[in-house]
Amino acid sequence: MIWEVYQKLLTTYGKQYWWPAETPFEVCIGAILTQNTNWQNVEKAIQNLKKHDITTPEKILTTPTHKLQLLIKPAGFYKQKSQYLKNLSAFLLQNKNIENLKKENTETLRKKLLKVKGIGKETADSILLYALDKEIFVIDAYTKRLFHRLKITKKENENYDKLRQLVEKSFKEHNATLEDYKEFHALIVKHCKEKCRKKPTCENCSLENLCMIK
DNA sequence: CACCAGGAATGTA
DNA sequence: TACATTCATGGT
């Protein structure tokens with residue numbers, strides 16, 4: 001069922017080519033800045049950082065906190081997020097660099113990321129998938145909502161890791177590629193933003209008719 | 001498990 | 001203009 005949903009979305013919308021960022025480090029920055037915020041506001045924050053040539057973990061750490069806060073302000077929660085960005089940068093430097101991190105085992109890497117204050121499951125998995133090219137599936141509120149409507153899950157607020165493993169199991173059985181993991185998450189976001197609205201609830205959501213609420 | 005952490009865009013009247 | 005809701009969440 002899950003694989004069919006992916007195929008259906010792919011035919012409907014085509015490839016999305018996520019994540020919109022120039023470097024793996026920019027993906028990491030974006031993953032933190034986008035927490036509880038829309039992407040438009042994140043882009044402004046990222047542009048501000050680029051304008052001031054703050055594009056590496058070293059530069060994030062050497063930028064004074066008040067200046068960093070000012071630059072990322074458009075993305076909201078700037079006091080927390082400025083600290084989160086520094087936590088993440090310090091973590092990356094401890095492990096030499098991003099390329100070096102890619103060599104590590106996926107599950108141990110995930111556990112290490114989750115220890116960084118400011119990185120929860122969704123953020124960790126976004127970084128693993130889109131910055132470190134690990135075959136991990138990212139679960140978000142859209143995924144939970146869509147799967148619930150398709151009756152793949154019983155509860156709207158299903159357990160994160162249970163859901164993730166459900167998708168990963170199905171993907172492994174179909175010999176999915178890294179690109180498939182990236183595309184499926186991107187497609188769910190696109191579909192839900194456009195069609196699978198929060199209100200009203202979708203009564204006749206099926207594989208053939210994926211939450212086509214106007 | 002409830003609550004809190006800002007700011008900006010969008011919708012509504 | 002005033003007010004409410006929503007947004008690629010995580011920590012306490």
# chains A, B, ... in the order shown; residues from 1 in each chain; ligands from 1
$ closest_atom_pairs --of "chain C" --to "chain A" --cutoff "10 Å" --atoms "only C-alpha atoms (C1' of nucleotides)" --output "Markdown table"
| residue | atom | partner | partner_atom | distance |
| --- | --- | --- | --- | --- |
| C:DT6 | C1' | A:Asn38 | CA | 8.9 |
| C:DC7 | C1' | A:Asn38 | CA | 4.4 |
| C:DA8 | C1' | A:Thr34 | CA | 5.8 |
| C:DT9 | C1' | A:Gln35 | CA | 4.7 |
| C:DG10 | C1' | A:Gly120 | CA | 5.9 |
| C:DG11 | C1' | A:Gly118 | CA | 7.9 |
$ interface_residues --of "chain A" --to "chain B" --cutoff "8 Å" --atoms "only C-alpha atoms (C1' of nucleotides)" --output "PyMOL selection string"
chain A and resi 41+73-78+80
$ residues_around --residues "range 152-167 of chain A" --least-positions-apart "6" --cutoff "6 Å" --atoms "only C-alpha atoms (C1' of nucleotides)" --output "list in words"
Phe137, Lys144 and Arg145 of chain A
$ select_by_dssp --residues "range 31-182 of chain A" --states "helix (DSSP H, G or I)" --output "PyMOL selection string"
chain A and resi 31-33+39-51+57-62+65-75+78-94+98-102+106-115+121-130+141-149+160-173+178-182
$ write_last_selection --atoms "C-alpha atoms" --output "short mmCIF file (atom, residue, chain, number, x, y, z; two decimals), in the first residue's frame"
data_model
loop_
_atom_site.label_atom_id
_atom_site.label_comp_id
_atom_site.auth_asym_id
_atom_site.auth_seq_id
_atom_site.Cartn_x
_atom_site.Cartn_y
_atom_site.Cartn_z
CA ALA A 31 16.49 21.79 8.97
CA ILE A 32 16.82 23.68 12.24
CA LEU A 33 15.54 27.02 11.04
CA TRP A 39 9.98 27.87 4.30
CA GLN A 40 9.58 31.40 2.97
CA ASN A 41 10.74 32.82 6.28
CA VAL A 42 13.61 30.34 6.46
CA GLU A 43 14.85 31.46 3.05
CA LYS A 44 15.14 35.04 4.25
CA ALA A 45 17.17 33.91 7.24
CA ILE A 46 19.47 31.80 5.03
CA GLN A 47 19.94 34.69 2.61
CA ASN A 48 20.93 36.90 5.53
CA LEU A 49 23.54 34.36 6.62
CA LYS A 50 24.91 34.06 3.08
CA LYS A 51 25.06 37.83 2.72
CA PRO A 57 30.22 25.61 11.13
CA GLU A 58 33.31 27.62 12.05
CA LYS A 59 31.68 30.88 11.08
CA ILE A 60 28.45 30.07 12.92
CA LEU A 61 30.51 29.53 16.07
CA THR A 62 32.57 32.69 15.73
CA THR A 65 25.08 35.32 19.38
CA HIS A 66 23.29 38.67 19.15
CA LYS A 67 24.36 39.09 15.53
CA LEU A 68 23.30 35.54 14.67
CA GLN A 69 19.93 36.16 16.30
CA LEU A 70 19.40 39.31 14.28
CA LEU A 71 20.17 37.52 11.00
CA ILE A 72 17.91 34.52 11.55
CA LYS A 73 15.10 36.55 13.06
CA PRO A 74 12.77 36.11 10.05
CA ALA A 75 12.56 32.38 10.79
CA TYR A 78 15.55 33.18 16.99
CA LYS A 79 16.85 32.97 20.56
CA GLN A 80 16.53 29.18 20.71
CA LYS A 81 17.51 28.57 17.12
CA SER A 82 20.70 30.64 17.32
CA GLN A 83 21.85 28.36 20.14
CA TYR A 84 20.69 25.27 18.24
CA LEU A 85 22.76 26.31 15.22
CA LYS A 86 25.81 26.67 17.44
CA ASN A 87 25.17 23.27 19.05
CA LEU A 88 24.92 21.65 15.63
CA SER A 89 28.04 23.43 14.35
CA ALA A 90 30.04 22.29 17.37
CA PHE A 91 28.85 18.73 16.80
CA LEU A 92 29.92 18.80 13.17
CA LEU A 93 33.36 20.15 14.03
CA GLN A 94 33.86 17.48 16.69
CA ILE A 98 30.22 16.32 7.01
CA GLU A 99 31.96 14.03 4.54
CA ASN A 100 33.57 12.19 7.42
CA LEU A 101 30.20 11.73 9.12
CA LYS A 102 28.75 10.03 6.06
CA THR A 106 23.31 5.22 10.14
CA GLU A 107 21.74 4.21 13.46
CA THR A 108 24.71 5.29 15.60
CA LEU A 109 24.84 8.56 13.72
CA ARG A 110 21.15 9.12 14.36
CA LYS A 111 21.60 8.54 18.08
CA LYS A 112 24.48 11.02 18.15
CA LEU A 113 22.42 13.64 16.33
CA LEU A 114 19.53 13.22 18.75
CA LYS A 115 21.84 14.04 21.66
CA LYS A 121 13.64 13.10 15.42
CA GLU A 122 12.27 14.93 12.41
CA THR A 123 15.22 17.29 12.22
CA ALA A 124 17.71 14.45 12.71
CA ASP A 125 16.12 12.40 9.95
CA SER A 126 16.00 15.38 7.58
CA ILE A 127 19.72 15.88 8.10
CA LEU A 128 20.45 12.16 7.69
CA LEU A 129 18.46 11.90 4.48
CA TYR A 130 19.10 15.20 2.73
CA ALA A 141 2.64 16.01 10.55
CA TYR A 142 1.66 15.74 6.87
CA THR A 143 2.76 12.10 6.71
CA LYS A 144 0.80 11.25 9.83
CA ARG A 145 -2.30 12.97 8.49
CA LEU A 146 -2.15 11.38 5.05
CA PHE A 147 -1.48 7.87 6.36
CA HIS A 148 -4.31 8.22 8.83
CA ARG A 149 -6.72 9.30 6.13
CA TYR A 160 7.17 8.32 15.10
CA ASP A 161 9.62 5.44 14.87
CA LYS A 162 6.87 2.89 14.30
CA LEU A 163 5.68 4.88 11.28
CA ARG A 164 9.20 5.41 10.00
CA GLN A 165 9.98 1.72 10.16
CA LEU A 166 6.72 0.94 8.39
CA VAL A 167 7.79 3.03 5.41
CA GLU A 168 11.39 1.83 5.48
CA LYS A 169 10.28 -1.82 5.55
CA SER A 170 8.06 -1.31 2.52
CA PHE A 171 10.79 0.62 0.70
CA LYS A 172 13.38 -2.08 1.31
CA GLU A 173 11.02 -4.70 -0.08
CA LEU A 178 18.11 6.94 -1.85
CA GLU A 179 16.31 9.18 -4.30
CA ASP A 180 13.02 7.39 -3.61
CA TYR A 181 13.31 8.20 0.10
CA LYS A 182 13.94 11.85 -0.73
#
